[in-house]
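J.: Questions regarding the structure given below will be posed in turn.
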Amino acid sequence: MAQSFDVPLQSRIVDDKSPICIPFILSRIETYQKQHPNTSRPFIIGLNGVQGVGKTTLVRALAETLQSREGLPTLVVSIDDFYLTHADQLALAAANPDNQLVQYRGEPGTHDIPLLTSFLSSLTSPFPPEGIHVPSYDKSLFSGLGDRAPPSTWTHITSPPKIVILEGWLVGFRPLSPVALEAKYCSPTSKTLHRHLPAHLMFINSCLENYQQIWDQFDAFVHVDAEDLGWVYEWRIQQEQGLRREKGVEGGMTDEQVRKFVDCYFPAYELYIDGIRNGVLGEKKKACQLRLVVGRDRAVKESLVI
C-alpha cells in the first residue's frame, strides 16, 4: 500500500526531500537488520533523479544526515565515475558509427560494468585490511570528452561503510521487451524516439541487460520524479545560465547547446521512466521504493512508498 511521510514546513526552505527520505531509509534499514542480524554487508540504496532536479544536493544531505545524526558511515557513489575510459568510449563509438546514442558517454553501454561489479563486490565481501579505492572519472579531460582519473587520485577508504548510495540518472532502468520497445517507439506522444532507428534503441536496450545484476543488489530505492519530464530542459538551461553568470558569457553551454545535450538523454527517459515509476525492486522487495514527485519549482508535491 502507498505510504506518505510528512515534511516539516521549515525544512522545505532549504531541502524538502531528505526529511522525507531519511525516515524511509531508516525504516528499511531497521527491517533489513532484523532480517539479517549478523550481516556485515552494507545496506545498498539506489537513487535515480532526472537531470537538474537536485539529485546531487539530495545525496549530499542524505550522507551528512545519516553519518552525523544517525552514526551510520555512508559512502555515496556516482555511476558517472564508472564510465568507460576515453579509449574504450572511442572504440565503442567507432564500432557503432551511425548510432548517435553511443557516440559520447551517458547512455547504457558507456559504463564499465565489470569495474562497477568488482567494486561493489569488494564492499559486500569481507572488507580488505588494505582498504578500497573508489574509482573516479574526470569529465574535463580531452576537451570535455572525459576519461577515467588516474588511480593514484582515487579516494581511499579504510573502513567499511554501513550504507552505500549509488546514484545516477539511469540507475534502476530496466530493459524492455522488443514488443514493449516497439510500442514506445510507435507512440504518438514520443518526443525524441523517432530521431533514432529502432535498431539503435534496441542496442542500448540490450546493453542495459548488463546493468541488472547491479540493480538487483539494491535493498532500497529512491526515485526523484517530475510531474512533467519536459521540465528537465528548463532546469538544465537554468543551471547553465547560472554558470554563465559566474564565469562570464564564454562559460557554460548556450541554451541551444543545452537542448541538444538533453536530447541525447531524453530517449532513455521516454523508454524507461515508466518502469521506474512502476517499481524497480520487484515483488520480493515490496515497500522498498520511495517515489518523490516534484513540480516545476522542484518542490515535492507527492511522496509514495511502493
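Every chain in the C-alpha cells has a letter given in the order shown (A, B, ...), and although residue numbers restart at 1 in each chain, ligands are simply numbered from 1 in the order shown.
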Taking only residues of range 123-223 of chain A that have an atom at most 7 Å from an atom of range 275-295 of chain A, what is each one's shortest atom pair and its distance in Å to one decimal, using only C-alpha atoms, in chain and number order, as a Markdown table?

T.:
```
| residue | atom | partner | partner_atom | distance |
| --- | --- | --- | --- | --- |
| A:Gly172 | CA | A:Val280 | CA | 6.1 |
| A:Phe173 | CA | A:Ile276 | CA | 6.4 |
| A:Arg174 | CA | A:Gly275 | CA | 6.5 |
| A:Ala220 | CA | A:Cys288 | CA | 4.9 |
| A:Phe221 | CA | A:Gln289 | CA | 4.6 |
| A:Val222 | CA | A:Leu290 | CA | 4.8 |
| A:His223 | CA | A:Arg291 | CA | 4.8 |
```

J.: Kindly export the residues of the current selection with all heavy atoms, as a PDB file, in the first residue's frame.

T.:
```pdb
ATOM      1  N   GLY A 172      18.634   2.055 -12.049  1.00  0.00           N
ATOM      2  CA  GLY A 172      17.336   1.404 -11.903  1.00  0.00           C
ATOM      3  C   GLY A 172      16.597   1.154 -13.203  1.00  0.00           C
ATOM      4  O   GLY A 172      15.570   0.478 -13.202  1.00  0.00           O
ATOM      5  N   PHE A 173      17.092   1.676 -14.335  1.00  0.00           N
ATOM      6  CA  PHE A 173      16.422   1.431 -15.614  1.00  0.00           C
ATOM      7  C   PHE A 173      16.411  -0.061 -15.909  1.00  0.00           C
ATOM      8  O   PHE A 173      17.450  -0.731 -15.855  1.00  0.00           O
ATOM      9  CB  PHE A 173      17.131   2.154 -16.750  1.00  0.00           C
ATOM     10  CG  PHE A 173      16.853   3.641 -16.835  1.00  0.00           C
ATOM     11  CD1 PHE A 173      17.491   4.417 -17.791  1.00  0.00           C
ATOM     12  CD2 PHE A 173      15.960   4.254 -15.983  1.00  0.00           C
ATOM     13  CE1 PHE A 173      17.246   5.780 -17.890  1.00  0.00           C
ATOM     14  CE2 PHE A 173      15.704   5.611 -16.056  1.00  0.00           C
ATOM     15  CZ  PHE A 173      16.352   6.376 -17.018  1.00  0.00           C
ATOM     16  N   ARG A 174      15.232  -0.578 -16.240  1.00  0.00           N
ATOM     17  CA  ARG A 174      15.083  -1.981 -16.601  1.00  0.00           C
ATOM     18  C   ARG A 174      14.839  -2.092 -18.111  1.00  0.00           C
ATOM     19  O   ARG A 174      14.068  -1.316 -18.676  1.00  0.00           O
ATOM     20  CB  ARG A 174      13.906  -2.610 -15.862  1.00  0.00           C
ATOM     21  CG  ARG A 174      14.046  -2.645 -14.333  1.00  0.00           C
ATOM     22  CD  ARG A 174      15.101  -3.617 -13.877  1.00  0.00           C
ATOM     23  NE  ARG A 174      15.047  -3.868 -12.422  1.00  0.00           N
ATOM     24  CZ  ARG A 174      15.905  -4.638 -11.773  1.00  0.00           C
ATOM     25  NH1 ARG A 174      16.888  -5.232 -12.423  1.00  0.00           N
ATOM     26  NH2 ARG A 174      15.796  -4.819 -10.477  1.00  0.00           N
ATOM     27  N   ALA A 220      17.058  -0.845  -1.081  1.00  0.00           N
ATOM     28  CA  ALA A 220      16.041   0.206  -1.115  1.00  0.00           C
ATOM     29  C   ALA A 220      16.323   1.074  -2.335  1.00  0.00           C
ATOM     30  O   ALA A 220      17.436   1.071  -2.881  1.00  0.00           O
ATOM     31  CB  ALA A 220      16.065   1.050   0.158  1.00  0.00           C
ATOM     32  N   PHE A 221      15.301   1.819  -2.745  1.00  0.00           N
ATOM     33  CA  PHE A 221      15.441   2.639  -3.948  1.00  0.00           C
ATOM     34  C   PHE A 221      14.685   3.949  -3.743  1.00  0.00           C
ATOM     35  O   PHE A 221      13.571   3.955  -3.207  1.00  0.00           O
ATOM     36  CB  PHE A 221      14.876   1.903  -5.157  1.00  0.00           C
ATOM     37  CG  PHE A 221      15.257   2.516  -6.478  1.00  0.00           C
ATOM     38  CD1 PHE A 221      16.471   2.235  -7.064  1.00  0.00           C
ATOM     39  CD2 PHE A 221      14.392   3.381  -7.130  1.00  0.00           C
ATOM     40  CE1 PHE A 221      16.838   2.800  -8.281  1.00  0.00           C
ATOM     41  CE2 PHE A 221      14.742   3.954  -8.339  1.00  0.00           C
ATOM     42  CZ  PHE A 221      15.969   3.671  -8.929  1.00  0.00           C
ATOM     43  N   VAL A 222      15.320   5.044  -4.172  1.00  0.00           N
ATOM     44  CA  VAL A 222      14.701   6.363  -4.098  1.00  0.00           C
ATOM     45  C   VAL A 222      14.649   6.935  -5.504  1.00  0.00           C
ATOM     46  O   VAL A 222      15.657   6.980  -6.208  1.00  0.00           O
ATOM     47  CB  VAL A 222      15.500   7.315  -3.180  1.00  0.00           C
ATOM     48  CG1 VAL A 222      14.896   8.718  -3.214  1.00  0.00           C
ATOM     49  CG2 VAL A 222      15.529   6.780  -1.750  1.00  0.00           C
ATOM     50  N   HIS A 223      13.468   7.381  -5.899  1.00  0.00           N
ATOM     51  CA  HIS A 223      13.270   7.939  -7.242  1.00  0.00           C
ATOM     52  C   HIS A 223      12.727   9.356  -7.113  1.00  0.00           C
ATOM     53  O   HIS A 223      11.647   9.562  -6.561  1.00  0.00           O
ATOM     54  CB  HIS A 223      12.275   7.077  -8.027  1.00  0.00           C
ATOM     55  CG  HIS A 223      11.958   7.607  -9.387  1.00  0.00           C
ATOM     56  ND1 HIS A 223      10.726   7.420  -9.988  1.00  0.00           N
ATOM     57  CD2 HIS A 223      12.701   8.341 -10.273  1.00  0.00           C
ATOM     58  CE1 HIS A 223      10.731   8.001 -11.175  1.00  0.00           C
ATOM     59  NE2 HIS A 223      11.919   8.566 -11.369  1.00  0.00           N
TER      60      HIS A 223
END
```

J.: Write out as a list in words all residues of range 75-125 of chain A that backbone DSSP assigns to helix (DSSP H, G or I).

T.: Ile79, Asp80, Asp81, Phe82, His86, Ala87, Asp88, Gln89, Leu90, Ala91, Leu92, Ala93, Ala94, Ala95, Gln100, Leu101, Val102, Ile113, Pro114, Leu115, Leu116, Thr117, Ser118, Phe119, Leu120, Ser121, Ser122, Leu123 and Thr124 of chain A

J.: Can I get the selected residues back with N, CA and C atoms, as an mmCIF file, in the first residue's frame?

T.:
```
data_model
loop_
_atom_site.group_PDB
_atom_site.id
_atom_site.type_symbol
_atom_site.label_atom_id
_atom_site.label_comp_id
_atom_site.auth_asym_id
_atom_site.auth_seq_id
_atom_site.Cartn_x
_atom_site.Cartn_y
_atom_site.Cartn_z
ATOM 1 N N ILE A 79 27.349 6.660 -10.549
ATOM 2 C CA ILE A 79 27.613 5.762 -11.675
ATOM 3 C C ILE A 79 28.422 6.480 -12.746
ATOM 4 N N ASP A 80 28.434 7.814 -12.722
ATOM 5 C CA ASP A 80 29.252 8.575 -13.664
ATOM 6 C C ASP A 80 30.732 8.256 -13.514
ATOM 7 N N ASP A 81 31.154 7.853 -12.332
ATOM 8 C CA ASP A 81 32.568 7.549 -12.104
ATOM 9 C C ASP A 81 32.979 6.199 -12.679
ATOM 10 N N PHE A 82 32.022 5.504 -13.302
ATOM 11 C CA PHE A 82 32.304 4.206 -13.900
ATOM 12 C C PHE A 82 32.103 4.221 -15.411
ATOM 13 N N HIS A 86 38.394 6.815 -21.915
ATOM 14 C CA HIS A 86 38.292 7.576 -23.172
ATOM 15 C C HIS A 86 38.550 6.676 -24.377
ATOM 16 N N ALA A 87 39.585 5.843 -24.285
ATOM 17 C CA ALA A 87 39.924 4.956 -25.399
ATOM 18 C C ALA A 87 38.802 3.962 -25.684
ATOM 19 N N ASP A 88 38.218 3.398 -24.620
ATOM 20 C CA ASP A 88 37.142 2.421 -24.815
ATOM 21 C C ASP A 88 35.875 3.087 -25.358
ATOM 22 N N GLN A 89 35.619 4.327 -24.940
ATOM 23 C CA GLN A 89 34.460 5.050 -25.467
ATOM 24 C C GLN A 89 34.640 5.350 -26.960
ATOM 25 N N LEU A 90 35.852 5.728 -27.338
ATOM 26 C CA LEU A 90 36.126 5.966 -28.756
ATOM 27 C C LEU A 90 35.938 4.683 -29.567
ATOM 28 N N ALA A 91 36.361 3.562 -29.006
ATOM 29 C CA ALA A 91 36.211 2.285 -29.694
ATOM 30 C C ALA A 91 34.737 1.913 -29.846
ATOM 31 N N LEU A 92 33.943 2.149 -28.800
ATOM 32 C CA LEU A 92 32.507 1.883 -28.871
ATOM 33 C C LEU A 92 31.853 2.739 -29.949
ATOM 34 N N ALA A 93 32.201 4.014 -29.983
ATOM 35 C CA ALA A 93 31.635 4.921 -30.983
ATOM 36 C C ALA A 93 32.041 4.499 -32.396
ATOM 37 N N ALA A 94 33.312 4.099 -32.578
ATOM 38 C CA ALA A 94 33.788 3.692 -33.895
ATOM 39 C C ALA A 94 33.124 2.407 -34.365
ATOM 40 N N ALA A 95 32.790 1.518 -33.422
ATOM 41 C CA ALA A 95 32.136 0.260 -33.775
ATOM 42 C C ALA A 95 30.664 0.456 -34.120
ATOM 43 N N GLN A 100 23.935 7.490 -32.866
ATOM 44 C CA GLN A 100 24.263 8.711 -32.140
ATOM 45 C C GLN A 100 24.141 8.560 -30.631
ATOM 46 N N LEU A 101 23.465 7.529 -30.184
ATOM 47 C CA LEU A 101 23.245 7.339 -28.748
ATOM 48 C C LEU A 101 24.524 6.932 -28.007
ATOM 49 N N VAL A 102 25.501 6.397 -28.727
ATOM 50 C CA VAL A 102 26.713 5.925 -28.055
ATOM 51 C C VAL A 102 27.971 6.612 -28.586
ATOM 52 N N ILE A 113 30.890 -1.866 -16.630
ATOM 53 C CA ILE A 113 30.123 -2.679 -15.687
ATOM 54 C C ILE A 113 31.006 -3.672 -14.933
ATOM 55 N N PRO A 114 31.999 -4.301 -15.566
ATOM 56 C CA PRO A 114 32.892 -5.169 -14.778
ATOM 57 C C PRO A 114 33.595 -4.420 -13.643
ATOM 58 N N LEU A 115 33.999 -3.167 -13.897
ATOM 59 C CA LEU A 115 34.642 -2.384 -12.842
ATOM 60 C C LEU A 115 33.660 -2.091 -11.711
ATOM 61 N N LEU A 116 32.438 -1.705 -12.048
ATOM 62 C CA LEU A 116 31.425 -1.418 -11.024
ATOM 63 C C LEU A 116 31.073 -2.681 -10.249
ATOM 64 N N THR A 117 30.951 -3.795 -10.948
ATOM 65 C CA THR A 117 30.640 -5.062 -10.289
ATOM 66 C C THR A 117 31.739 -5.454 -9.312
ATOM 67 N N SER A 118 32.979 -5.319 -9.754
ATOM 68 C CA SER A 118 34.123 -5.651 -8.893
ATOM 69 C C SER A 118 34.171 -4.742 -7.671
ATOM 70 N N PHE A 119 33.902 -3.457 -7.889
ATOM 71 C CA PHE A 119 33.932 -2.501 -6.777
ATOM 72 C C PHE A 119 32.868 -2.844 -5.732
ATOM 73 N N LEU A 120 31.651 -3.103 -6.175
ATOM 74 C CA LEU A 120 30.589 -3.444 -5.228
ATOM 75 C C LEU A 120 30.876 -4.765 -4.519
ATOM 76 N N SER A 121 31.484 -5.695 -5.245
ATOM 77 C CA SER A 121 31.841 -6.974 -4.616
ATOM 78 C C SER A 121 32.844 -6.768 -3.489
ATOM 79 N N SER A 122 33.762 -5.819 -3.682
ATOM 80 C CA SER A 122 34.748 -5.552 -2.635
ATOM 81 C C SER A 122 34.093 -4.958 -1.399
ATOM 82 N N LEU A 123 32.950 -4.281 -1.572
ATOM 83 C CA LEU A 123 32.234 -3.694 -0.436
ATOM 84 C C LEU A 123 31.338 -4.709 0.270
ATOM 85 N N THR A 124 30.826 -5.680 -0.490
ATOM 86 C CA THR A 124 29.890 -6.643 0.081
ATOM 87 C C THR A 124 30.574 -7.913 0.560
#
```

J.: Excluding same-chain residues fewer than 6 positions from Thr158 in chain A, what lies within 12 Å of it counting only C-alpha atoms, as JSON, numbers by chain?

T.: {"A": [73, 75, 123, 127, 128, 129, 130, 131, 132, 133, 134]}

J.: Using CA of Ser187 in chain A and CA of Val50 in chain A as the two end points, give the distance in Å to one decimal.

T.: 21.6 Å

J.: Would you mind listing what lies within 10 Å of Gly230 in chain A as a VMD selection string, with only C-alpha atoms counted and same-chain residues fewer than 6 positions away left out?

T.: chain A and resid 191 262 266 296

J.: May I have the residues within 10 Å of Gly146 in chain A as a PyMOL selection string, using only C-alpha atoms and disregarding those fewer than 4 positions away in the same chain?

T.: chain A and resi 83-86+89+104-105+137-142

J.: Next, the residues of the selection above should be written as a compact mmCIF listing (two decimals), in the first residue's frame with N, CA, C and O atoms.

T.:
```
# COMPACT_ATOMS: atom_id res chain seq x y z
N TYR A 83 32.18 5.41 -16.00
CA TYR A 83 32.17 5.48 -17.45
C TYR A 83 33.37 4.73 -18.02
O TYR A 83 34.40 4.56 -17.36
N LEU A 84 33.23 4.31 -19.27
CA LEU A 84 34.35 3.71 -19.98
C LEU A 84 35.52 4.68 -20.04
O LEU A 84 35.33 5.90 -19.98
N THR A 85 36.72 4.15 -20.17
CA THR A 85 37.86 5.03 -20.41
C THR A 85 37.66 5.75 -21.73
O THR A 85 36.84 5.34 -22.58
N HIS A 86 38.39 6.81 -21.91
CA HIS A 86 38.29 7.58 -23.17
C HIS A 86 38.55 6.68 -24.38
O HIS A 86 37.81 6.73 -25.37
N GLN A 89 35.62 4.33 -24.94
CA GLN A 89 34.46 5.05 -25.47
C GLN A 89 34.64 5.35 -26.96
O GLN A 89 33.70 5.22 -27.75
N TYR A 104 28.98 9.43 -27.45
CA TYR A 104 29.55 10.07 -26.27
C TYR A 104 29.06 9.33 -25.03
O TYR A 104 28.14 8.52 -25.10
N ARG A 105 29.67 9.62 -23.91
CA ARG A 105 29.31 8.95 -22.67
C ARG A 105 27.88 9.31 -22.26
O ARG A 105 27.36 10.36 -22.61
N TYR A 137 36.04 9.62 -12.23
CA TYR A 137 36.05 9.99 -13.65
C TYR A 137 36.19 11.51 -13.75
O TYR A 137 35.51 12.25 -13.04
N ASP A 138 37.06 11.96 -14.64
CA ASP A 138 37.31 13.38 -14.83
C ASP A 138 36.67 13.83 -16.14
O ASP A 138 37.20 13.54 -17.23
N LYS A 139 35.55 14.52 -16.06
CA LYS A 139 34.81 14.95 -17.25
C LYS A 139 35.50 16.08 -18.00
O LYS A 139 35.10 16.41 -19.12
N SER A 140 36.51 16.68 -17.41
CA SER A 140 37.18 17.81 -18.05
C SER A 140 38.28 17.38 -19.02
O SER A 140 38.73 18.19 -19.84
N LEU A 141 38.70 16.12 -18.94
CA LEU A 141 39.80 15.66 -19.79
C LEU A 141 39.37 15.55 -21.25
O LEU A 141 38.19 15.42 -21.55
N PHE A 142 40.35 15.61 -22.14
CA PHE A 142 40.12 15.52 -23.58
C PHE A 142 39.05 16.51 -24.04
O PHE A 142 38.09 16.17 -24.72
```

J.: So which one's closest to Cys207 in chain A, A:Arg298, A:His111, A:Arg41, A:Arg236? Using only C-alpha atoms, please.

T.: A:His111

J.: Mind the document's chain letters and residue numbers, and return as a list in words the residues of range 66-202 of chain A that DSSP labels strand (DSSP E).

T.: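 For range 66-202 of chain A, the strand (DSSP E) set is Thr74, Leu75, Val76, Val77, Ser78, Ile132, His133, Val134, Tyr137, Asp138, Asp147, Arg148, Thr155, His156, Ile157, Ile163, Val164, Ile165, Leu166 and Glu167 of chain A.
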
J.: List as a Markdown table every residue of range 60-108 of chain A that is in contact with range 23-28 of chain A, defined as an atom at most 10 Å from one of its atoms (using only C-alpha atoms), together with the nearest atom pair and the distance in Å rounded to one decimal, sorted by chain and then rising number.

T.:
```
| residue | atom | partner | partner_atom | distance |
| --- | --- | --- | --- | --- |
| A:Leu62 | CA | A:Ile25 | CA | 9.5 |
| A:Leu66 | CA | A:Leu26 | CA | 8.9 |
| A:Glu70 | CA | A:Leu26 | CA | 9.0 |
```

J.: One decimal, Å: what's the distance from CA of Ile157 in chain A over to CA of Thr56 in chain A, could you say?

T.: 20.7 Å

J.: In Å to one decimal, how far is CA of Trp235 in chain A from CA of Cys264 in chain A?

T.: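 Separation between CA of Cys264 in chain A and CA of Trp235 in chain A: 15.6 Å.
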
J.: Go through A:Glu234, A:Asp255, A:Glu240, A:Asp228 one by one, measure the shortest atom-to-atom distance of each to Glu270 in chain A using only C-alpha atoms, and give the residue with the smallest value.

T.: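 The shortest atom-to-atom distance to Glu270 in chain A comes from A:Asp228.
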
J.: Go through A:Ala268, A:Val53, A:Val77, A:Cys186 one by one, measure the shortest atom-to-atom distance of each to Glu227 in chain A using only C-alpha atoms, and give the residue with the smallest value.

T.: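 Using only C-alpha atoms, the shortest distance to Glu227 in chain A belongs to A:Val53.
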
J.: Residues at most 10 Å from range 178-180 of chain A, counting only C-alpha atoms, excluding those fewer than 4 positions away in the same chain, as number ranges by chain?

T.: A: 184-186, 198, 202, 205-206, 271

J.: Quick one: residues within 9 Å of Tyr233 in chain A, only C-alpha atoms, excluding same-chain residues fewer than 5 positions away - as a PDB file with N, CA, C and O atoms, in the first residue's frame?

T.:
```
ATOM      1  N   GLN A  51      17.805  14.853 -14.637  1.00  0.00           N
ATOM      2  CA  GLN A  51      18.814  15.903 -14.632  1.00  0.00           C
ATOM      3  C   GLN A  51      18.218  17.230 -14.177  1.00  0.00           C
ATOM      4  O   GLN A  51      17.120  17.610 -14.569  1.00  0.00           O
ATOM      5  N   GLY A  52      18.976  17.923 -13.318  1.00  0.00           N
ATOM      6  CA  GLY A  52      18.573  19.246 -12.868  1.00  0.00           C
ATOM      7  C   GLY A  52      17.583  19.262 -11.724  1.00  0.00           C
ATOM      8  O   GLY A  52      17.175  20.331 -11.275  1.00  0.00           O
ATOM      9  N   GLN A 238      18.571  26.589 -16.813  1.00  0.00           N
ATOM     10  CA  GLN A 238      18.759  27.438 -15.639  1.00  0.00           C
ATOM     11  C   GLN A 238      20.130  27.200 -15.012  1.00  0.00           C
ATOM     12  O   GLN A 238      20.804  28.144 -14.597  1.00  0.00           O
ATOM     13  N   VAL A 258      22.354  23.315 -24.633  1.00  0.00           N
ATOM     14  CA  VAL A 258      21.737  22.549 -23.546  1.00  0.00           C
ATOM     15  C   VAL A 258      20.622  21.669 -24.090  1.00  0.00           C
ATOM     16  O   VAL A 258      20.497  20.497 -23.723  1.00  0.00           O
ATOM     17  N   ARG A 259      19.795  22.226 -24.964  1.00  0.00           N
ATOM     18  CA  ARG A 259      18.687  21.437 -25.532  1.00  0.00           C
ATOM     19  C   ARG A 259      19.213  20.225 -26.291  1.00  0.00           C
ATOM     20  O   ARG A 259      18.674  19.116 -26.168  1.00  0.00           O
ATOM     21  N   VAL A 262      20.453  17.628 -23.690  1.00  0.00           N
ATOM     22  CA  VAL A 262      19.371  16.862 -23.060  1.00  0.00           C
ATOM     23  C   VAL A 262      18.725  15.922 -24.070  1.00  0.00           C
ATOM     24  O   VAL A 262      18.287  14.822 -23.715  1.00  0.00           O
ATOM     25  N   ASP A 263      18.681  16.334 -25.335  1.00  0.00           N
ATOM     26  CA  ASP A 263      18.130  15.467 -26.380  1.00  0.00           C
ATOM     27  C   ASP A 263      18.837  14.117 -26.420  1.00  0.00           C
ATOM     28  O   ASP A 263      18.222  13.100 -26.777  1.00  0.00           O
TER      29      ASP A 263
END
```
